[in-house]
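What follows is structure.csv (CSV, C-alpha atoms).
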```
chain,number,residue,atom,x,y,z
A,1,MET,CA,84.1,54.2,149.4
A,2,ASN,CA,81.4,54.7,152.0
A,3,LYS,CA,82.8,51.9,154.1
A,4,LEU,CA,86.3,53.5,153.9
A,5,SER,CA,85.0,56.9,155.0
A,6,GLU,CA,83.5,55.2,158.1
A,7,LYS,CA,86.9,54.2,159.3
A,8,LYS,CA,88.2,56.0,162.4
A,9,TRP,CA,91.5,56.9,160.7
A,10,TYR,CA,89.9,58.3,157.5
A,11,ASN,CA,89.3,61.9,158.6
A,12,GLY,CA,92.8,62.1,160.1
A,13,ALA,CA,94.4,60.8,156.9
A,14,VAL,CA,92.5,63.3,154.8
A,15,VAL,CA,93.6,66.2,157.0
A,16,ALA,CA,97.2,64.9,157.0
A,17,CYS,CA,97.2,64.7,153.1
A,18,ILE,CA,95.8,68.2,152.9
A,19,GLY,CA,98.4,69.5,155.3
A,20,VAL,CA,101.2,67.8,153.4
A,21,GLY,CA,99.9,69.2,150.1
A,22,PHE,CA,99.7,72.7,151.6
A,23,PHE,CA,103.2,72.4,153.0
A,24,MET,CA,104.6,71.3,149.6
A,25,LEU,CA,102.8,74.2,148.0
A,26,LEU,CA,104.3,76.7,150.4
A,27,ALA,CA,107.8,75.1,150.1
A,28,ASN,CA,107.6,75.4,146.3
A,29,LEU,CA,105.6,78.6,146.2
A,30,LYS,CA,108.1,80.4,143.9
A,31,THR,CA,108.0,77.6,141.3
A,32,VAL,CA,104.2,77.3,141.5
A,33,MET,CA,103.8,81.1,141.1
A,34,SER,CA,106.2,81.2,138.1
A,35,ALA,CA,104.3,78.3,136.5
A,36,VAL,CA,100.9,80.0,137.1
A,37,GLY,CA,102.4,83.3,135.7
A,38,PHE,CA,103.7,81.5,132.6
A,39,PHE,CA,100.3,79.8,132.1
A,40,LEU,CA,98.4,83.1,132.5
A,41,GLY,CA,100.9,84.9,130.4
A,42,SER,CA,100.0,82.6,127.5
A,43,PHE,CA,96.5,84.0,127.6
A,44,LYS,CA,97.7,87.7,128.0
A,45,PRO,CA,96.6,88.7,124.4
A,46,ILE,CA,93.2,87.2,125.0
A,47,PHE,CA,92.7,89.0,128.4
A,48,LEU,CA,94.0,92.3,126.8
A,49,GLY,CA,91.6,91.7,123.9
A,50,ILE,CA,88.7,91.3,126.2
A,51,ILE,CA,89.6,94.7,127.9
A,52,PHE,CA,89.9,96.4,124.4
A,53,ALA,CA,86.6,95.0,123.4
A,54,TYR,CA,85.0,96.2,126.6
A,55,ILE,CA,86.4,99.7,126.0
A,56,LEU,CA,85.5,99.8,122.3
A,57,ASN,CA,82.0,98.5,122.8
A,58,PRO,CA,80.4,101.8,123.9
A,59,LEU,CA,81.9,103.5,120.9
A,60,ALA,CA,80.6,100.9,118.6
A,61,ARG,CA,77.1,101.1,120.2
A,62,PHE,CA,77.2,104.9,119.7
A,63,PHE,CA,77.8,104.5,116.0
A,64,TYR,CA,75.2,101.7,115.9
A,65,HIS,CA,72.4,103.9,117.5
A,66,ARG,CA,73.4,107.4,116.3
A,67,VAL,CA,75.3,107.2,113.0
A,68,PHE,CA,73.8,104.1,111.3
A,69,CYS,CA,70.4,104.4,112.9
A,70,LYS,CA,68.6,104.6,109.6
A,71,MET,CA,69.9,101.3,108.4
A,72,LYS,CA,68.0,98.1,109.0
A,73,VAL,CA,68.8,96.2,112.2
A,74,GLY,CA,71.2,93.4,111.2
A,75,ASN,CA,74.8,92.2,111.1
A,76,THR,CA,75.9,94.7,108.4
A,77,ARG,CA,74.9,97.6,110.6
A,78,TRP,CA,76.8,96.2,113.6
A,79,TYR,CA,79.9,95.3,111.5
A,80,LEU,CA,80.0,98.9,110.2
A,81,SER,CA,79.7,100.3,113.7
A,82,VAL,CA,82.5,98.1,115.0
A,83,THR,CA,84.7,99.0,112.1
A,84,LEU,CA,84.1,102.7,112.5
A,85,GLY,CA,84.6,102.5,116.2
A,86,VAL,CA,88.0,100.7,115.9
A,87,VAL,CA,89.1,103.2,113.2
A,88,THR,CA,88.1,106.2,115.3
A,89,ALA,CA,90.0,104.8,118.4
A,90,LEU,CA,93.1,104.1,116.3
A,91,LEU,CA,93.0,107.6,114.7
A,92,ALA,CA,92.8,109.1,118.2
A,93,VAL,CA,95.8,107.1,119.4
A,94,PHE,CA,97.8,107.9,116.3
A,95,LEU,CA,96.9,111.6,116.6
A,96,LEU,CA,98.0,111.7,120.2
A,97,ILE,CA,101.3,109.9,119.4
A,98,GLY,CA,101.9,112.0,116.4
A,99,THR,CA,101.4,115.2,118.5
A,100,LEU,CA,103.4,114.0,121.5
A,101,ILE,CA,106.5,112.3,119.9
A,102,PRO,CA,107.6,115.3,117.7
A,103,GLN,CA,107.2,117.5,120.8
A,104,LEU,CA,109.2,115.1,122.9
A,105,VAL,CA,112.0,114.8,120.2
A,106,GLN,CA,112.1,118.6,119.9
A,107,SER,CA,112.2,118.9,123.7
A,108,ILE,CA,115.1,116.5,124.0
A,109,ALA,CA,117.0,118.2,121.2
A,110,LEU,CA,116.4,121.7,122.8
A,111,PHE,CA,117.5,120.3,126.2
A,112,SER,CA,120.7,118.9,124.8
A,113,GLU,CA,121.5,122.2,122.9
A,114,ASN,CA,120.9,124.4,125.9
A,115,TYR,CA,122.2,121.9,128.5
A,116,ASP,CA,125.0,124.2,129.7
A,117,SER,CA,122.6,127.2,130.2
A,118,TYR,CA,120.2,125.0,132.1
A,119,ALA,CA,122.9,123.7,134.4
A,120,LYS,CA,124.0,127.3,135.1
A,121,THR,CA,120.5,128.3,135.8
A,122,LEU,CA,120.1,125.4,138.3
A,123,LEU,CA,123.3,126.4,140.0
A,124,LYS,CA,122.2,130.0,140.4
A,125,LEU,CA,118.9,128.8,141.9
A,126,LEU,CA,120.8,126.7,144.4
A,127,GLU,CA,123.1,129.5,145.3
A,128,ASN,CA,120.2,131.8,146.2
A,129,SER,CA,118.1,129.1,147.9
A,130,PRO,CA,118.2,127.6,151.5
A,131,LEU,CA,119.5,124.3,149.9
A,132,ARG,CA,123.0,125.8,149.3
A,133,SER,CA,124.1,124.6,152.7
A,134,VAL,CA,123.0,121.0,152.0
A,135,ILE,CA,124.1,120.6,148.4
A,136,ASP,CA,127.7,121.0,147.3
A,137,ALA,CA,127.6,123.3,144.3
A,138,GLU,CA,131.1,122.3,143.1
A,139,LYS,CA,130.2,118.6,143.0
A,140,LEU,CA,126.9,119.4,141.3
A,141,GLN,CA,128.7,121.5,138.7
A,142,SER,CA,131.3,118.7,138.0
A,143,LEU,CA,128.4,116.2,137.8
A,144,SER,CA,126.5,118.4,135.4
A,145,GLU,CA,129.6,118.9,133.2
A,146,ASN,CA,130.1,115.1,133.0
A,147,ALA,CA,126.4,114.2,132.7
A,148,LEU,CA,126.3,114.0,128.9
A,149,THR,CA,129.5,112.0,128.8
A,150,SER,CA,128.2,109.6,131.4
A,151,ILE,CA,124.9,109.1,129.4
A,152,ALA,CA,126.9,108.4,126.3
A,153,ASN,CA,129.1,105.8,128.1
A,154,PHE,CA,126.0,104.3,129.7
A,155,VAL,CA,124.4,103.8,126.3
A,156,ARG,CA,127.6,102.3,124.9
A,157,ASP,CA,128.1,99.9,127.8
A,158,ASN,CA,124.5,98.8,127.9
A,159,ALA,CA,123.8,98.5,124.1
A,160,GLY,CA,122.9,94.8,124.5
A,161,LYS,CA,120.3,95.5,127.2
A,162,ILE,CA,118.9,98.4,125.2
A,163,LEU,CA,118.5,96.2,122.1
A,164,THR,CA,116.8,93.5,124.3
A,165,ALA,CA,114.5,96.2,125.7
A,166,ALA,CA,113.7,97.3,122.1
A,167,ALA,CA,113.0,93.7,121.1
A,168,ASN,CA,110.7,93.3,124.0
A,169,SER,CA,108.9,96.5,123.1
A,170,GLY,CA,108.5,95.1,119.6
A,171,LYS,CA,107.0,91.9,121.0
A,172,GLY,CA,104.7,94.1,123.1
A,173,ILE,CA,103.5,95.9,120.0
A,174,ILE,CA,102.8,92.6,118.2
A,175,SER,CA,101.0,91.3,121.3
A,176,THR,CA,98.9,94.5,121.4
A,177,VAL,CA,98.0,94.1,117.7
A,178,ILE,CA,97.0,90.5,118.3
A,179,SER,CA,94.9,91.7,121.2
A,180,LEU,CA,93.2,94.3,119.0
A,181,ILE,CA,92.4,91.6,116.5
A,182,VAL,CA,90.9,89.5,119.2
A,183,ALA,CA,88.8,92.5,120.4
A,184,VAL,CA,87.5,93.0,116.9
A,185,TYR,CA,86.4,89.3,116.6
A,186,LEU,CA,84.8,89.5,120.1
A,187,LEU,CA,82.8,92.6,119.1
A,188,ILE,CA,81.7,91.2,115.8
A,189,ASP,CA,80.5,88.0,117.5
A,190,LYS,CA,79.2,89.8,120.6
A,191,LYS,CA,75.7,88.4,120.4
A,192,ARG,CA,76.9,84.8,119.9
A,193,VAL,CA,79.4,85.2,122.8
A,194,MET,CA,76.8,86.6,125.1
A,195,THR,CA,74.3,83.9,124.2
A,196,GLY,CA,76.9,81.2,124.8
A,197,LEU,CA,77.7,82.6,128.2
A,198,TRP,CA,74.0,82.8,129.1
A,199,ARG,CA,73.4,79.2,128.1
A,200,PHE,CA,76.5,78.1,130.1
A,201,GLY,CA,75.3,80.0,133.1
A,202,ARG,CA,71.8,78.4,132.8
A,203,ALA,CA,73.4,75.0,132.7
A,204,VAL,CA,75.5,75.5,135.8
A,205,LEU,CA,73.5,78.0,138.0
A,206,SER,CA,69.9,78.4,138.9
A,207,ARG,CA,67.8,81.1,137.2
A,208,GLU,CA,67.7,83.3,140.4
A,209,THR,CA,71.4,83.1,140.9
A,210,LEU,CA,72.2,83.9,137.2
A,211,THR,CA,69.8,86.8,137.3
A,212,ASN,CA,71.5,88.2,140.4
A,213,ILE,CA,74.9,87.8,138.8
A,214,MET,CA,73.6,89.6,135.6
A,215,ASP,CA,72.1,92.5,137.7
A,216,PHE,CA,75.4,92.8,139.6
A,217,SER,CA,77.4,92.8,136.4
A,218,LEU,CA,75.2,95.4,134.7
A,219,ARG,CA,75.5,97.7,137.8
A,220,CYS,CA,79.4,97.3,137.8
A,221,ASP,CA,79.4,98.0,134.0
A,222,SER,CA,77.3,101.1,134.5
A,223,ILE,CA,79.7,102.4,137.2
A,224,LEU,CA,82.8,101.7,135.2
A,225,MET,CA,81.6,103.1,131.9
A,226,SER,CA,80.3,106.3,133.7
A,227,TYR,CA,83.7,106.7,135.4
A,228,LEU,CA,85.8,106.1,132.3
A,229,GLY,CA,83.7,108.5,130.2
A,230,GLN,CA,83.6,111.3,132.7
A,231,SER,CA,87.3,110.9,133.6
A,232,LEU,CA,88.4,111.2,130.0
A,233,LEU,CA,86.2,114.3,129.6
A,234,GLU,CA,87.6,115.8,132.7
A,235,SER,CA,91.2,115.1,131.7
A,236,LEU,CA,90.7,116.6,128.3
A,237,ILE,CA,89.2,119.8,129.9
A,238,VAL,CA,92.1,120.1,132.4
A,239,GLY,CA,94.7,119.5,129.7
A,240,GLY,CA,93.1,122.0,127.4
A,241,ILE,CA,92.9,124.7,130.0
A,242,ASN,CA,96.5,124.1,130.9
A,243,ALA,CA,97.5,124.4,127.2
A,244,ILE,CA,95.7,127.7,126.9
A,245,PHE,CA,97.3,129.0,130.0
A,246,MET,CA,100.8,128.0,128.9
A,247,PHE,CA,100.2,129.5,125.4
A,248,VAL,CA,99.0,132.8,126.8
A,249,CYS,CA,102.1,133.0,129.1
A,250,GLY,CA,104.4,132.0,126.2
A,251,MET,CA,105.8,128.9,127.9
A,252,GLU,CA,107.9,126.2,126.3
A,253,TYR,CA,106.8,122.5,125.9
A,254,ILE,CA,103.1,123.3,125.7
A,255,GLY,CA,102.1,120.0,124.1
A,256,LEU,CA,104.3,117.8,126.2
A,257,VAL,CA,103.4,119.3,129.6
A,258,SER,CA,99.7,119.6,128.8
A,259,VAL,CA,99.6,115.9,127.8
A,260,ILE,CA,101.4,115.0,131.0
A,261,VAL,CA,99.0,117.0,133.1
A,262,ALA,CA,96.0,115.5,131.3
A,263,VAL,CA,97.2,111.9,131.7
A,264,THR,CA,98.3,112.2,135.3
A,265,ASN,CA,95.0,113.8,136.1
A,266,LEU,CA,93.4,110.4,135.5
A,267,ILE,CA,95.2,109.1,138.6
A,268,PRO,CA,93.0,109.9,141.7
A,269,ASN,CA,94.3,111.9,144.6
A,270,PHE,CA,98.0,111.8,143.6
A,271,GLY,CA,97.9,112.3,139.9
A,272,PRO,CA,97.7,116.2,139.8
A,273,ILE,CA,100.6,116.4,142.2
A,274,ILE,CA,102.7,114.1,139.9
A,275,GLY,CA,101.8,116.2,136.9
A,276,ALA,CA,102.6,119.5,138.6
A,277,VAL,CA,106.0,118.1,139.7
A,278,ILE,CA,107.0,116.7,136.3
A,279,GLY,CA,105.8,119.8,134.4
A,280,GLY,CA,107.5,122.1,136.9
A,281,PHE,CA,110.8,120.1,136.6
A,282,ILE,CA,110.7,120.4,132.8
A,283,LEU,CA,110.1,124.1,132.9
A,284,VAL,CA,112.4,125.1,135.8
A,285,LEU,CA,115.5,124.5,133.7
A,286,VAL,CA,114.2,126.6,130.9
A,287,ASN,CA,112.6,129.5,132.8
A,288,PRO,CA,112.3,129.3,136.6
A,289,VAL,CA,109.6,132.1,136.6
A,290,HIS,CA,107.5,130.0,134.1
A,291,ALA,CA,107.9,127.0,136.4
A,292,LEU,CA,106.7,128.9,139.4
A,293,LEU,CA,103.7,130.3,137.5
A,294,PHE,CA,102.9,126.8,136.2
A,295,VAL,CA,103.0,125.2,139.7
A,296,ALA,CA,100.8,128.0,141.0
A,297,PHE,CA,98.4,127.6,138.2
A,298,CYS,CA,98.2,123.8,138.8
A,299,ILE,CA,97.2,124.4,142.4
A,300,VAL,CA,94.4,126.8,141.3
A,301,LEU,CA,93.4,124.5,138.5
A,302,GLN,CA,93.2,121.4,140.7
A,303,PHE,CA,91.2,123.4,143.3
A,304,VAL,CA,88.7,124.3,140.5
A,305,ASP,CA,88.7,120.8,139.2
A,306,GLY,CA,88.2,119.2,142.7
A,307,TYR,CA,85.5,121.5,143.9
A,308,ILE,CA,83.7,122.6,140.7
A,309,LEU,CA,84.4,120.5,137.7
A,310,LYS,CA,84.6,117.0,139.3
A,311,PRO,CA,81.4,117.3,141.4
A,312,LYS,CA,79.5,118.5,138.2
A,313,LEU,CA,80.7,115.5,136.2
A,314,PHE,CA,80.5,112.8,138.9
A,315,SER,CA,77.5,114.0,140.9
A,316,GLY,CA,74.6,111.5,140.9
A,317,SER,CA,76.7,108.7,139.3
A,318,LEU,CA,79.4,107.9,141.8
A,319,GLY,CA,78.4,108.8,145.3
A,320,VAL,CA,81.6,107.7,147.1
A,321,SER,CA,83.3,109.2,150.1
A,322,GLY,CA,86.7,110.7,149.7
A,323,LEU,CA,88.1,108.5,152.5
A,324,LEU,CA,87.0,105.3,150.7
A,325,ILE,CA,88.6,106.5,147.4
A,326,LEU,CA,91.8,107.4,149.2
A,327,ILE,CA,92.0,103.9,150.9
A,328,ALA,CA,91.2,102.2,147.6
A,329,GLY,CA,93.8,104.2,145.8
A,330,ILE,CA,96.5,103.3,148.4
A,331,VAL,CA,95.6,99.6,148.6
A,332,LEU,CA,95.1,99.0,144.8
A,333,GLY,CA,98.1,101.1,144.0
A,334,ASN,CA,100.4,99.0,146.2
A,335,LEU,CA,98.9,95.8,144.7
A,336,PHE,CA,98.6,96.7,141.0
A,337,GLY,CA,100.6,99.8,140.5
A,338,VAL,CA,99.3,102.7,138.3
A,339,MET,CA,96.5,100.6,136.9
A,340,GLY,CA,95.2,99.9,140.4
A,341,MET,CA,95.2,103.6,141.2
A,342,LEU,CA,93.4,104.4,137.9
A,343,LEU,CA,90.6,101.9,138.9
A,344,SER,CA,90.4,102.9,142.5
A,345,ILE,CA,87.4,105.2,142.1
A,346,PRO,CA,85.2,102.6,140.3
A,347,ALA,CA,86.4,99.9,142.7
A,348,ALA,CA,85.4,102.2,145.7
A,349,ALA,CA,82.0,102.8,144.0
A,350,ILE,CA,81.4,99.1,143.5
A,351,LEU,CA,82.4,98.3,147.1
A,352,SER,CA,80.1,101.1,148.3
A,353,PHE,CA,77.0,99.8,146.4
A,354,ILE,CA,77.8,96.2,147.6
A,355,TYR,CA,77.8,97.5,151.1
A,356,HIS,CA,74.6,99.5,150.8
A,357,ASP,CA,72.6,97.2,148.5
A,358,TYR,CA,73.7,93.8,149.7
A,359,PHE,CA,75.4,93.8,153.1
A,360,LEU,CA,73.2,96.3,155.0
A,361,PRO,CA,69.8,94.8,153.9
A,362,ASN,CA,70.9,91.3,154.9
A,363,ALA,CA,72.3,92.6,158.2
A,364,GLU,CA,69.0,94.4,159.0
A,365,LYS,CA,67.1,91.2,158.3
A,366,ARG,CA,69.3,89.3,160.6
A,367,LEU,CA,68.9,91.9,163.3
A,368,GLN,CA,65.1,91.9,162.9
A,369,ASN,CA,64.9,88.1,163.1
A,370,LYS,CA,67.2,87.9,166.1
A,371,PRO,CA,64.7,89.0,168.9
A,372,GLU,CA,62.1,86.6,167.4
A,373,ARG,CA,64.5,83.7,167.7
A,374,GLN,CA,65.3,84.6,171.3
A,375,LYS,CA,61.6,84.8,172.1
A,376,THR,CA,60.9,81.4,170.6
A,377,LYS,CA,63.8,79.9,172.7
A,378,THR,CA,62.3,81.4,175.9
```

Using the file provided, produce a representation of the structure as structure tokens.
Amino acid sequence: MNKLSEKKWYNGAVVACIGVGFFMLLANLKTVMSAVGFFLGSFKPIFLGIIFAYILNPLARFFYHRVFCKMKVGNTRWYLSVTLGVVTALLAVFLLIGTLIPQLVQSIALFSENYDSYAKTLLKLLENSPLRSVIDAEKLQSLSENALTSIANFVRDNAGKILTAAANSGKGIISTVISLIVAVYLLIDKKRVMTGLWRFGRAVLSRETLTNIMDFSLRCDSILMSYLGQSLLESLIVGGINAIFMFVCGMEYIGLVSVIVAVTNLIPNFGPIIGAVIGGFILVLVNPVHALLFVAFCIVLQFVDGYILKPKLFSGSLGVSGLLILIAGIVLGNLFGVMGMLLSIPAAAILSFIYHDYFLPNAEKRLQNKPERQKTKT
């Protein structure tokens, strides 16, 4: 092999083979990506289980250190903590679904019963608004009259697709259940898994490199956990305040709109706008005055949230500039959708501490050593 590598044509042949392989990869990129997607899709329940385990781990640790603190340290104490953590999370999800679905069904039923009055209200609004010269009221009226019939025809003509979507939803539920089971097993065997990963790292990497990776991982974990906890608390506060305001004003769809406001508030920068638009659209057909009050209240609420509540919750834990959060939200949102926007703030915080703790010190060392090298050359 050494003699072969000494040949004059060897380097050129290697470069040519790499070029041909790269060209074939680009020529069949769609097939390769579909194969990679199929391969990774087979591990989707495992990946999702790891995410569930990561989210449930702080809850299990809370029960381990606070609720079962008087028990002896051992497997039984950790098993009970994991069980109680999973049960608590499932009860919270079922409570949210049990509150939201009846409200949603009631809203759909009320909307279908009062559809004609909603359409007339919308037409009156358009007649008294500057948009009357742009939108043809007669066409809109005929469209609104035939809307329910069109929806019924659409459901009838696409019954097969609807059944397929329902079947896919059932598969998704089964996959989620499997992922939850994987998460429970990962949490139960947490010590064994962590020990195995540490031994594997020691076998592959040096102790210094492994220590640096562990420090970096712990720092990222601290940032992400702090962000998730404070974001959930902030969304609960915002949703609760919105529900109180809507109840005092006697508005409709209190539960549905408040949940929408709380969930969309998790999305940085654009989330409050999305929640205000969706909530306002739901209310404008019922009562335009309530919709106007709701949008005005959302503006005031987001001002209070952005300048008072959010700084109080996030101060000292995530010192990130607003520009970096905005850029991260746009880039990650385009790449990964809503999930990317949800994780834009912790991603920006991680990039910020990488820049300040790793990049700047190394850059300063290089700048300090640069004149010395120049002097030695002279």

| said: Using all atoms listed in the file, can you tell me which of A:Ala262, A:Val204, A:Glu252, A:Met246 comes closest to Leu232 (chain A)? | reply: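 Ranking A:Ala262, A:Val204, A:Glu252, A:Met246 by distance to Leu232 (chain A), first place goes to A:Ala262.
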
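Counting only C-alpha atoms, the residue from A:Thr209, A:Thr195, A:Asn28, A:Gln106 that sits nearest to Ile254 (chain A) is A:Gln106.
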
### Query
How many Å lie between CA of Ile330 (chain A) and CA of Phe270 (chain A), rounded to one decimal?
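If I compute the distance from CA of Ile330 (chain A) to CA of Phe270 (chain A), I get 9.9 Å.
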
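Pairwise distance (CA of Ser231 (chain A), CA of Ile213 (chain A)) equals 26.7 Å.
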
Atom pair CA of Asn212 (chain A) + CA of Phe43 (chain A), distance 28.4 Å

In terms of all atoms listed in the file, the residue from A:Leu228, A:Val295, A:Leu56, A:Ile101 at minimal distance from Pro346 (chain A) is A:Leu228

Fill in: For Trp78 (chain A): contacts at 9 Å, only C-alpha atoms, fewer than 4 positions along chain excluded, given as a PyMOL selection string
chain A and resi 60-61+63-64+68+73-74+82-83+187-188

Generate the output file for the selected residues, C-alpha atoms, as an mmCIF file, in the coordinates of the input.
```cif
data_model
loop_
_atom_site.group_PDB
_atom_site.id
_atom_site.type_symbol
_atom_site.label_atom_id
_atom_site.label_comp_id
_atom_site.auth_asym_id
_atom_site.auth_seq_id
_atom_site.Cartn_x
_atom_site.Cartn_y
_atom_site.Cartn_z
ATOM 1 C CA ALA A 60 80.600 100.900 118.600
ATOM 2 C CA ARG A 61 77.100 101.100 120.200
ATOM 3 C CA PHE A 63 77.800 104.500 116.000
ATOM 4 C CA TYR A 64 75.200 101.700 115.900
ATOM 5 C CA PHE A 68 73.800 104.100 111.300
ATOM 6 C CA VAL A 73 68.800 96.200 112.200
ATOM 7 C CA GLY A 74 71.200 93.400 111.200
ATOM 8 C CA VAL A 82 82.500 98.100 115.000
ATOM 9 C CA THR A 83 84.700 99.000 112.100
ATOM 10 C CA LEU A 187 82.800 92.600 119.100
ATOM 11 C CA ILE A 188 81.700 91.200 115.800
#
```

Pick the closest to Ser258 (chain A) from A:Val238, A:Leu186, A:Met341, A:Leu233: which is it, counting all atoms listed in the file?
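With all atoms listed in the file as the atom set, the closest residue is A:Val238.
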
Pick out the closest residue to Gly271 (chain A) from this set: A:Ala243, A:Leu292, A:Leu342, A:Ala203. Count all atoms listed in the file.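 Under the stated criterion, the closest residue is A:Leu342.
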
Looking at only C-alpha atoms, which of A:Val87, A:Tyr253, A:Ile274, A:Tyr54 is the one that sits closest to Val286 (chain A)?
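Result for the nearest residue to Val286 (chain A): A:Tyr253.
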